Amino acid sequence: MSVISVFVASPEGGNGRNVVANGIAAVLATAYKTLIYRPATDPGERFTSVLLNTVGSAISAKQATATSTAAVRADQTLARGDVARGYHTFCDATQPEACVLVGRDASPVADPEAAVMDARFAADTQSVVMLAVCTLNRDAVQLRATVNAYQALYRRAGVHLAGVFVTGCEPAKEASSEEALQDIGVPVWTIPPMDCQTSQEAADSLPVFLSKAPTRDVLTACTKKRDLPVTPFFFQNDLIARARRQHRTIVIPESLEPRMLRACDYLIERDVADILFVGEREQILAAGSELGLEHLEMAKFDSLDDERLLVPMVNELVRLRAKKGMTPEKARAALKDPTYFGTMLVQLDLADGLVSGSVNSTANTVRPALQVIKTAPGASIVSGAFLMCLPTHVAVFADCAITPNPTAEQLADIAIQSAQTARSFGIDPRVGMLSYSTLGSGQGPDVELVEEATRLVGEKAPDLQVVGPIQFDAAWSPEVAATKAKGNPVAGHVNVFVFPNLSAGNIGYKAVQRSSGAVAIGPVLQGLRRPVNDLSRGATVPDIINTIALTAVVAQDNPHSLGE
């Protein structure tokens, strides 16, 4: 989603904020197709319609609003999901080039979390923030203290402050306000007191706004290139949106498991992927009906007893595994297993990928894939990576699922595979080869293995940014890296963490997931010729939704995809 997103926030949410939102919307509309989006409003508010009129949009205020302020107060996590999901859907449906998001309005209901939630909404929509601060009841010292507080809030949220509008600013206060904010590092504009509640007032205020905040300066501040945050809410909804844009067919062998059915119903309803269930159509639909699901009938269904499929499957399986003693009788016996049957659907190009593991073990999911689909050209190993959705960015952790004690060569391949996974999801990979030693600070066979693996990565992928051996703290923290790995350009900025063995990787991802609240998506099985992904048997419905969408996105880049 490459939309210029500008979030207008304010401690007051009144007339001054409205003048700024209207002015920014008008400025952006001179250069881009611009729309308005409101994360949360109160019933009966009318300013959204005013802004839509300013940008010449015919959509309704209801279409441009995600939720209500009461709903935000009731459940912040649910509201963040509604806003992020709503924004992706809104942008996909309306295709704006720029969008002005406006924070919450002034309200008689005090909400101490209002500013925090506006900052989170800005992060979840990858918006830069324009802050409007009123000086009708603030002097210059109070103005600076207010801006400082909001700057600190935005740093914690990972969002960028793009500019400050000092509103309600009488001529006598202009000089002192500008002096108070002269060193904050972003543009500052002063705007005199004006009403801006109606379309007429918005039109009347615009010439004054433009005289104080020139179009070119505002456009420059709004469109300056920045590293934008990737929050869990943004990433998950972007994943769904990416999967929806290029449909892929995903096989679901565990077709009677309630969590799988709920997840598939959600994805079918939103037209995210084509679902292919292994099993009997009527039995699956009956199970869905008992759960109150209404969209499963739009899926595809392949019976385990369908001879039109079994004959080519048996022939292919015998061909692939003849040297292992595979016979037609043994092939038919193997194909009674829904996971094996589903894997053959992928092998025969009848599906793009497979997701299993909510009931079956990892071994039961991976074994058929290794026997039938096999590894990708050049891959010496299959590994499992997790996409760790942290508060402001996404990192890759590997191997957390497959190989207990990799050799140096295998560890190098895991690093290169994980870097490619990162690229598939828009992450510029910076790889850290983890150890208890940082760049020679410790000795021993385990350190030597990681040293050799790091050397091999450099040989096999010379353009890949990699550092190792390195301790987690030096890989993660620029401050620690400045001491432990001084001068190394990758240390302190690692986003692909390669653990030395499965115990470390599995413990590491679960420790981060459970202690920090990070969303762990995966494991992504790396190194297979076609995308097959495993679930934890403790996977929740959102986990399954994410994994199916992830599989569909990975399939988009696969040369064997049905959509190619």
# chains A, B, ... in the order shown; residues from 1 in each chain; ligands from 1
>>> residues_around(residues="region 402-416 of chain A", least_positions_apart="3", cutoff="10 Å", atoms="only C-alpha atoms", output="PyMOL selection string")
chain A and resi 362-363+366+378-385+397-399+419-422+429+431-433+446+448-461+464+466+496-506+523+525-527
>>> residues_around(residues="Phe235 (chain A)", least_positions_apart="3", cutoff="9 Å", atoms="only C-alpha atoms", output="PDB file with N, CA and C atoms, in the first residue's frame")
ATOM      1  N   ASP A 124      -0.342   2.360  12.918  1.00  0.00           N
ATOM      2  CA  ASP A 124      -1.009   1.219  12.284  1.00  0.00           C
ATOM      3  C   ASP A 124      -1.411   1.500  10.841  1.00  0.00           C
ATOM      4  N   VAL A 230       6.204  -0.555  10.976  1.00  0.00           N
ATOM      5  CA  VAL A 230       5.389  -1.701  10.576  1.00  0.00           C
ATOM      6  C   VAL A 230       4.906  -2.363  11.866  1.00  0.00           C
ATOM      7  N   THR A 231       3.710  -2.011  12.278  1.00  0.00           N
ATOM      8  CA  THR A 231       3.157  -2.573  13.512  1.00  0.00           C
ATOM      9  C   THR A 231       2.511  -3.921  13.210  1.00  0.00           C
ATOM     10  N   PRO A 232       2.250  -4.725  14.247  1.00  0.00           N
ATOM     11  CA  PRO A 232       1.550  -5.996  13.998  1.00  0.00           C
ATOM     12  C   PRO A 232       0.217  -5.801  13.288  1.00  0.00           C
ATOM     13  N   ASP A 238      -1.873  -5.814   5.957  1.00  0.00           N
ATOM     14  CA  ASP A 238      -1.187  -5.724   4.666  1.00  0.00           C
ATOM     15  C   ASP A 238      -1.019  -7.111   4.058  1.00  0.00           C
ATOM     16  N   LEU A 239      -0.773  -8.097   4.907  1.00  0.00           N
ATOM     17  CA  LEU A 239      -0.649  -9.479   4.442  1.00  0.00           C
ATOM     18  C   LEU A 239      -1.955  -9.935   3.789  1.00  0.00           C
ATOM     19  N   ILE A 240      -3.066  -9.660   4.438  1.00  0.00           N
ATOM     20  CA  ILE A 240      -4.376 -10.009   3.888  1.00  0.00           C
ATOM     21  C   ILE A 240      -4.604  -9.281   2.567  1.00  0.00           C
ATOM     22  N   CYS A 389       6.218  -9.994  14.622  1.00  0.00           N
ATOM     23  CA  CYS A 389       5.642  -8.649  14.491  1.00  0.00           C
ATOM     24  C   CYS A 389       5.808  -7.924  15.825  1.00  0.00           C
ATOM     25  N   HIS A 393       8.196  -2.808  14.061  1.00  0.00           N
ATOM     26  CA  HIS A 393       8.802  -3.416  12.882  1.00  0.00           C
ATOM     27  C   HIS A 393       8.649  -4.929  12.936  1.00  0.00           C
ATOM     28  N   VAL A 394       8.989  -5.579  11.820  1.00  0.00           N
ATOM     29  CA  VAL A 394       8.902  -7.030  11.717  1.00  0.00           C
ATOM     30  C   VAL A 394      10.310  -7.595  11.579  1.00  0.00           C
TER      31      VAL A 394
END
>>> select_by_dssp(residues="region 60-89 of chain A", states="strand (DSSP E)", output="PyMOL selection string")
chain A and resi 65-68
>>> atom_distance(atom1="CA of Asp111 (chain A)", atom2="CA of Ala98 (chain A)")
29.3 Å
>>> residues_around(residues="Val133 (chain A)", least_positions_apart="2", cutoff="12 Å", atoms="only C-alpha atoms", output="PyMOL selection string")
chain A and resi 8-20+130-131+135-140+142-150+163-169+177+181+188-193
>>> residues_around(residues="Thr65 (chain A)", least_positions_apart="6", cutoff="7 Å", atoms="only C-alpha atoms", output="PyMOL selection string")
chain A and resi 37-40
>>> write_last_selection(atoms="N, CA and C atoms", output="mmCIF file, in the first residue's frame")
data_model
loop_
_atom_site.group_PDB
_atom_site.id
_atom_site.type_symbol
_atom_site.label_atom_id
_atom_site.label_comp_id
_atom_site.auth_asym_id
_atom_site.auth_seq_id
_atom_site.Cartn_x
_atom_site.Cartn_y
_atom_site.Cartn_z
ATOM 1 N N TYR A 37 -10.034 9.888 5.868
ATOM 2 C CA TYR A 37 -10.353 8.694 6.646
ATOM 3 C C TYR A 37 -10.358 9.072 8.117
ATOM 4 N N ARG A 38 -11.408 8.673 8.815
ATOM 5 C CA ARG A 38 -11.523 8.950 10.247
ATOM 6 C C ARG A 38 -11.437 7.636 11.026
ATOM 7 N N PRO A 39 -10.391 7.452 11.827
ATOM 8 C CA PRO A 39 -10.318 6.233 12.640
ATOM 9 C C PRO A 39 -11.495 6.083 13.598
ATOM 10 N N ALA A 40 -11.888 7.195 14.264
ATOM 11 C CA ALA A 40 -12.983 7.104 15.235
ATOM 12 C C ALA A 40 -13.669 8.457 15.371
#
>>> select_by_dssp(residues="region 202-271 of chain A", states="alpha helix (DSSP H)", output="PyMOL selection string")
chain A and resi 202-212+215-223+232-245+258-269
>>> residues_around(residues="Met388 (chain A)", least_positions_apart="4", cutoff="9 Å", atoms="only C-alpha atoms", output="list in words")
Pro232, His393, Val394, Ala395, Val396, Phe397, Tyr509, Val512, Gln513, Ala518, Val519, Ala520, Ile521 and Gly522 of chain A
>>> write_last_selection(atoms="N, CA and C atoms", output="mmCIF file, in the first residue's frame")
data_model
loop_
_atom_site.group_PDB
_atom_site.id
_atom_site.type_symbol
_atom_site.label_atom_id
_atom_site.label_comp_id
_atom_site.auth_asym_id
_atom_site.auth_seq_id
_atom_site.Cartn_x
_atom_site.Cartn_y
_atom_site.Cartn_z
ATOM 1 N N PRO A 232 2.250 -4.725 14.247
ATOM 2 C CA PRO A 232 1.550 -5.996 13.998
ATOM 3 C C PRO A 232 0.217 -5.801 13.288
ATOM 4 N N HIS A 393 8.196 -2.808 14.061
ATOM 5 C CA HIS A 393 8.802 -3.416 12.882
ATOM 6 C C HIS A 393 8.649 -4.929 12.936
ATOM 7 N N VAL A 394 8.989 -5.579 11.820
ATOM 8 C CA VAL A 394 8.902 -7.030 11.717
ATOM 9 C C VAL A 394 10.310 -7.595 11.579
ATOM 10 N N ALA A 395 10.606 -8.641 12.345
ATOM 11 C CA ALA A 395 11.890 -9.333 12.265
ATOM 12 C C ALA A 395 11.649 -10.791 11.897
ATOM 13 N N VAL A 396 12.681 -11.433 11.373
ATOM 14 C CA VAL A 396 12.617 -12.856 11.028
ATOM 15 C C VAL A 396 13.507 -13.629 11.990
ATOM 16 N N PHE A 397 12.962 -14.696 12.612
ATOM 17 C CA PHE A 397 13.711 -15.582 13.494
ATOM 18 C C PHE A 397 13.779 -16.968 12.835
ATOM 19 N N TYR A 509 12.095 -17.560 20.019
ATOM 20 C CA TYR A 509 10.888 -16.932 19.462
ATOM 21 C C TYR A 509 9.741 -16.973 20.466
ATOM 22 N N VAL A 512 10.265 -14.248 23.212
ATOM 23 C CA VAL A 512 9.911 -12.907 22.729
ATOM 24 C C VAL A 512 8.405 -12.793 22.561
ATOM 25 N N GLN A 513 7.796 -13.809 21.989
ATOM 26 C CA GLN A 513 6.352 -13.788 21.771
ATOM 27 C C GLN A 513 5.585 -13.629 23.082
ATOM 28 N N ALA A 518 4.650 -9.816 21.201
ATOM 29 C CA ALA A 518 4.852 -9.824 19.752
ATOM 30 C C ALA A 518 3.951 -10.878 19.109
ATOM 31 N N VAL A 519 3.487 -10.581 17.897
ATOM 32 C CA VAL A 519 2.708 -11.545 17.126
ATOM 33 C C VAL A 519 3.681 -12.377 16.308
ATOM 34 N N ALA A 520 3.659 -13.701 16.489
ATOM 35 C CA ALA A 520 4.541 -14.611 15.750
ATOM 36 C C ALA A 520 3.747 -15.279 14.645
ATOM 37 N N ILE A 521 4.128 -15.025 13.402
ATOM 38 C CA ILE A 521 3.440 -15.613 12.247
ATOM 39 C C ILE A 521 4.353 -16.672 11.642
ATOM 40 N N GLY A 522 3.849 -17.891 11.550
ATOM 41 C CA GLY A 522 4.651 -18.967 11.000
ATOM 42 C C GLY A 522 4.388 -20.274 11.737
#
>>> atom_distance(atom1="CA of Arg259 (chain A)", atom2="CA of Val541 (chain A)")
5.3 Å
>>> decode(residues="region 251-366 of chain A", atoms="C-alpha atoms", output="mmCIF file, in the first residue's frame")
data_model
loop_
_atom_site.group_PDB
_atom_site.id
_atom_site.type_symbol
_atom_site.label_atom_id
_atom_site.label_comp_id
_atom_site.auth_asym_id
_atom_site.auth_seq_id
_atom_site.Cartn_x
_atom_site.Cartn_y
_atom_site.Cartn_z
ATOM 1 C CA VAL A 251 -5.148 -26.725 0.253
ATOM 2 C CA ILE A 252 -6.570 -27.397 3.715
ATOM 3 C CA PRO A 253 -6.237 -31.112 4.637
ATOM 4 C CA GLU A 254 -7.592 -30.697 8.201
ATOM 5 C CA SER A 255 -11.023 -29.844 6.875
ATOM 6 C CA LEU A 256 -13.149 -30.713 9.914
ATOM 7 C CA GLU A 257 -11.087 -28.890 12.550
ATOM 8 C CA PRO A 258 -13.264 -26.039 13.928
ATOM 9 C CA ARG A 259 -10.414 -23.493 14.043
ATOM 10 C CA MET A 260 -9.500 -24.243 10.439
ATOM 11 C CA LEU A 261 -13.123 -23.888 9.366
ATOM 12 C CA ARG A 262 -13.517 -20.554 11.146
ATOM 13 C CA ALA A 263 -10.316 -19.213 9.623
ATOM 14 C CA CYS A 264 -11.264 -20.357 6.132
ATOM 15 C CA ASP A 265 -14.750 -18.879 6.450
ATOM 16 C CA TYR A 266 -13.172 -15.530 7.379
ATOM 17 C CA LEU A 267 -10.821 -15.639 4.368
ATOM 18 C CA ILE A 268 -13.518 -16.764 1.929
ATOM 19 C CA GLU A 269 -15.884 -14.026 3.085
ATOM 20 C CA ARG A 270 -13.174 -11.424 2.414
ATOM 21 C CA ASP A 271 -12.119 -12.981 -0.909
ATOM 22 C CA VAL A 272 -8.511 -13.386 0.262
ATOM 23 C CA ALA A 273 -7.664 -16.800 -1.207
ATOM 24 C CA ASP A 274 -9.287 -19.757 -2.931
ATOM 25 C CA ILE A 275 -9.690 -22.512 -0.335
ATOM 26 C CA LEU A 276 -9.509 -26.168 -1.384
ATOM 27 C CA PHE A 277 -10.691 -28.584 1.314
ATOM 28 C CA VAL A 278 -9.646 -32.241 1.314
ATOM 29 C CA GLY A 279 -12.683 -34.295 2.275
ATOM 30 C CA GLU A 280 -16.379 -34.781 1.636
ATOM 31 C CA ARG A 281 -18.227 -31.599 0.745
ATOM 32 C CA GLU A 282 -21.446 -32.345 2.630
ATOM 33 C CA GLN A 283 -19.616 -33.440 5.772
ATOM 34 C CA ILE A 284 -17.455 -30.292 5.779
ATOM 35 C CA LEU A 285 -20.424 -27.989 5.157
ATOM 36 C CA ALA A 286 -22.379 -29.697 7.950
ATOM 37 C CA ALA A 287 -19.484 -29.117 10.354
ATOM 38 C CA GLY A 288 -19.365 -25.474 9.292
ATOM 39 C CA SER A 289 -23.112 -25.091 9.712
ATOM 40 C CA GLU A 290 -22.887 -26.338 13.300
ATOM 41 C CA LEU A 291 -20.384 -23.518 13.913
ATOM 42 C CA GLY A 292 -22.678 -20.938 12.317
ATOM 43 C CA LEU A 293 -20.369 -20.383 9.335
ATOM 44 C CA GLU A 294 -22.000 -19.096 6.155
ATOM 45 C CA HIS A 295 -19.351 -18.893 3.416
ATOM 46 C CA LEU A 296 -17.728 -22.327 3.204
ATOM 47 C CA GLU A 297 -19.870 -23.414 0.274
ATOM 48 C CA MET A 298 -17.820 -21.043 -1.901
ATOM 49 C CA ALA A 299 -14.740 -23.194 -1.285
ATOM 50 C CA LYS A 300 -13.592 -26.090 -3.483
ATOM 51 C CA PHE A 301 -13.745 -29.688 -2.253
ATOM 52 C CA ASP A 302 -11.732 -32.752 -3.301
ATOM 53 C CA SER A 303 -12.759 -36.177 -2.012
ATOM 54 C CA LEU A 304 -10.150 -38.701 -0.922
ATOM 55 C CA ASP A 305 -12.079 -41.254 -3.012
ATOM 56 C CA ASP A 306 -12.131 -39.293 -6.274
ATOM 57 C CA GLU A 307 -10.646 -41.678 -8.849
ATOM 58 C CA ARG A 308 -10.141 -38.821 -11.312
ATOM 59 C CA LEU A 309 -7.541 -37.516 -8.866
ATOM 60 C CA LEU A 310 -6.295 -40.789 -7.408
ATOM 61 C CA VAL A 311 -5.173 -42.280 -10.714
ATOM 62 C CA PRO A 312 -2.739 -39.464 -11.637
ATOM 63 C CA MET A 313 -1.672 -39.157 -7.991
ATOM 64 C CA VAL A 314 -0.790 -42.840 -7.763
ATOM 65 C CA ASN A 315 1.135 -42.692 -11.021
ATOM 66 C CA GLU A 316 3.068 -39.617 -9.923
ATOM 67 C CA LEU A 317 3.841 -41.018 -6.496
ATOM 68 C CA VAL A 318 5.132 -44.280 -7.967
ATOM 69 C CA ARG A 319 7.266 -42.305 -10.411
ATOM 70 C CA LEU A 320 8.737 -40.118 -7.688
ATOM 71 C CA ARG A 321 9.442 -42.876 -5.160
ATOM 72 C CA ALA A 322 9.972 -46.011 -7.240
ATOM 73 C CA LYS A 323 13.526 -46.337 -5.927
ATOM 74 C CA LYS A 324 12.135 -46.292 -2.389
ATOM 75 C CA GLY A 325 9.911 -49.271 -3.162
ATOM 76 C CA MET A 326 6.714 -47.366 -3.851
ATOM 77 C CA THR A 327 4.031 -49.480 -5.553
ATOM 78 C CA PRO A 328 0.497 -48.566 -6.670
ATOM 79 C CA GLU A 329 -0.894 -50.354 -3.618
ATOM 80 C CA LYS A 330 1.400 -48.494 -1.228
ATOM 81 C CA ALA A 331 0.632 -45.223 -3.008
ATOM 82 C CA ARG A 332 -3.115 -45.691 -2.541
ATOM 83 C CA ALA A 333 -2.555 -46.461 1.138
ATOM 84 C CA ALA A 334 -0.450 -43.308 1.581
ATOM 85 C CA LEU A 335 -3.088 -41.192 -0.163
ATOM 86 C CA LYS A 336 -5.682 -42.085 2.472
ATOM 87 C CA ASP A 337 -3.840 -39.531 4.619
ATOM 88 C CA PRO A 338 -5.431 -36.107 3.862
ATOM 89 C CA THR A 339 -2.079 -34.321 4.260
ATOM 90 C CA TYR A 340 -0.399 -36.644 1.769
ATOM 91 C CA PHE A 341 -3.374 -36.258 -0.579
ATOM 92 C CA GLY A 342 -3.226 -32.464 -0.236
ATOM 93 C CA THR A 343 0.504 -32.450 -0.884
ATOM 94 C CA MET A 344 -0.097 -34.355 -4.118
ATOM 95 C CA LEU A 345 -2.628 -31.703 -5.181
ATOM 96 C CA VAL A 346 0.164 -29.150 -4.916
ATOM 97 C CA GLN A 347 2.631 -31.439 -6.700
ATOM 98 C CA LEU A 348 0.187 -31.927 -9.607
ATOM 99 C CA ASP A 349 -0.306 -28.142 -9.952
ATOM 100 C CA LEU A 350 -3.917 -28.349 -8.772
ATOM 101 C CA ALA A 351 -3.154 -25.972 -5.893
ATOM 102 C CA ASP A 352 -0.518 -23.344 -5.065
ATOM 103 C CA GLY A 353 0.248 -24.221 -1.451
ATOM 104 C CA LEU A 354 -0.832 -26.145 1.643
ATOM 105 C CA VAL A 355 -1.412 -25.324 5.310
ATOM 106 C CA SER A 356 -1.685 -28.044 7.955
ATOM 107 C CA GLY A 357 -0.624 -28.784 11.525
ATOM 108 C CA SER A 358 -3.552 -27.650 13.691
ATOM 109 C CA VAL A 359 -4.072 -31.347 14.494
ATOM 110 C CA ASN A 360 -1.111 -33.114 12.888
ATOM 111 C CA SER A 361 2.477 -32.903 14.072
ATOM 112 C CA THR A 362 5.133 -30.958 12.207
ATOM 113 C CA ALA A 363 6.638 -34.254 11.044
ATOM 114 C CA ASN A 364 3.327 -35.332 9.499
ATOM 115 C CA THR A 365 3.108 -32.044 7.618
ATOM 116 C CA VAL A 366 6.722 -31.847 6.476
#
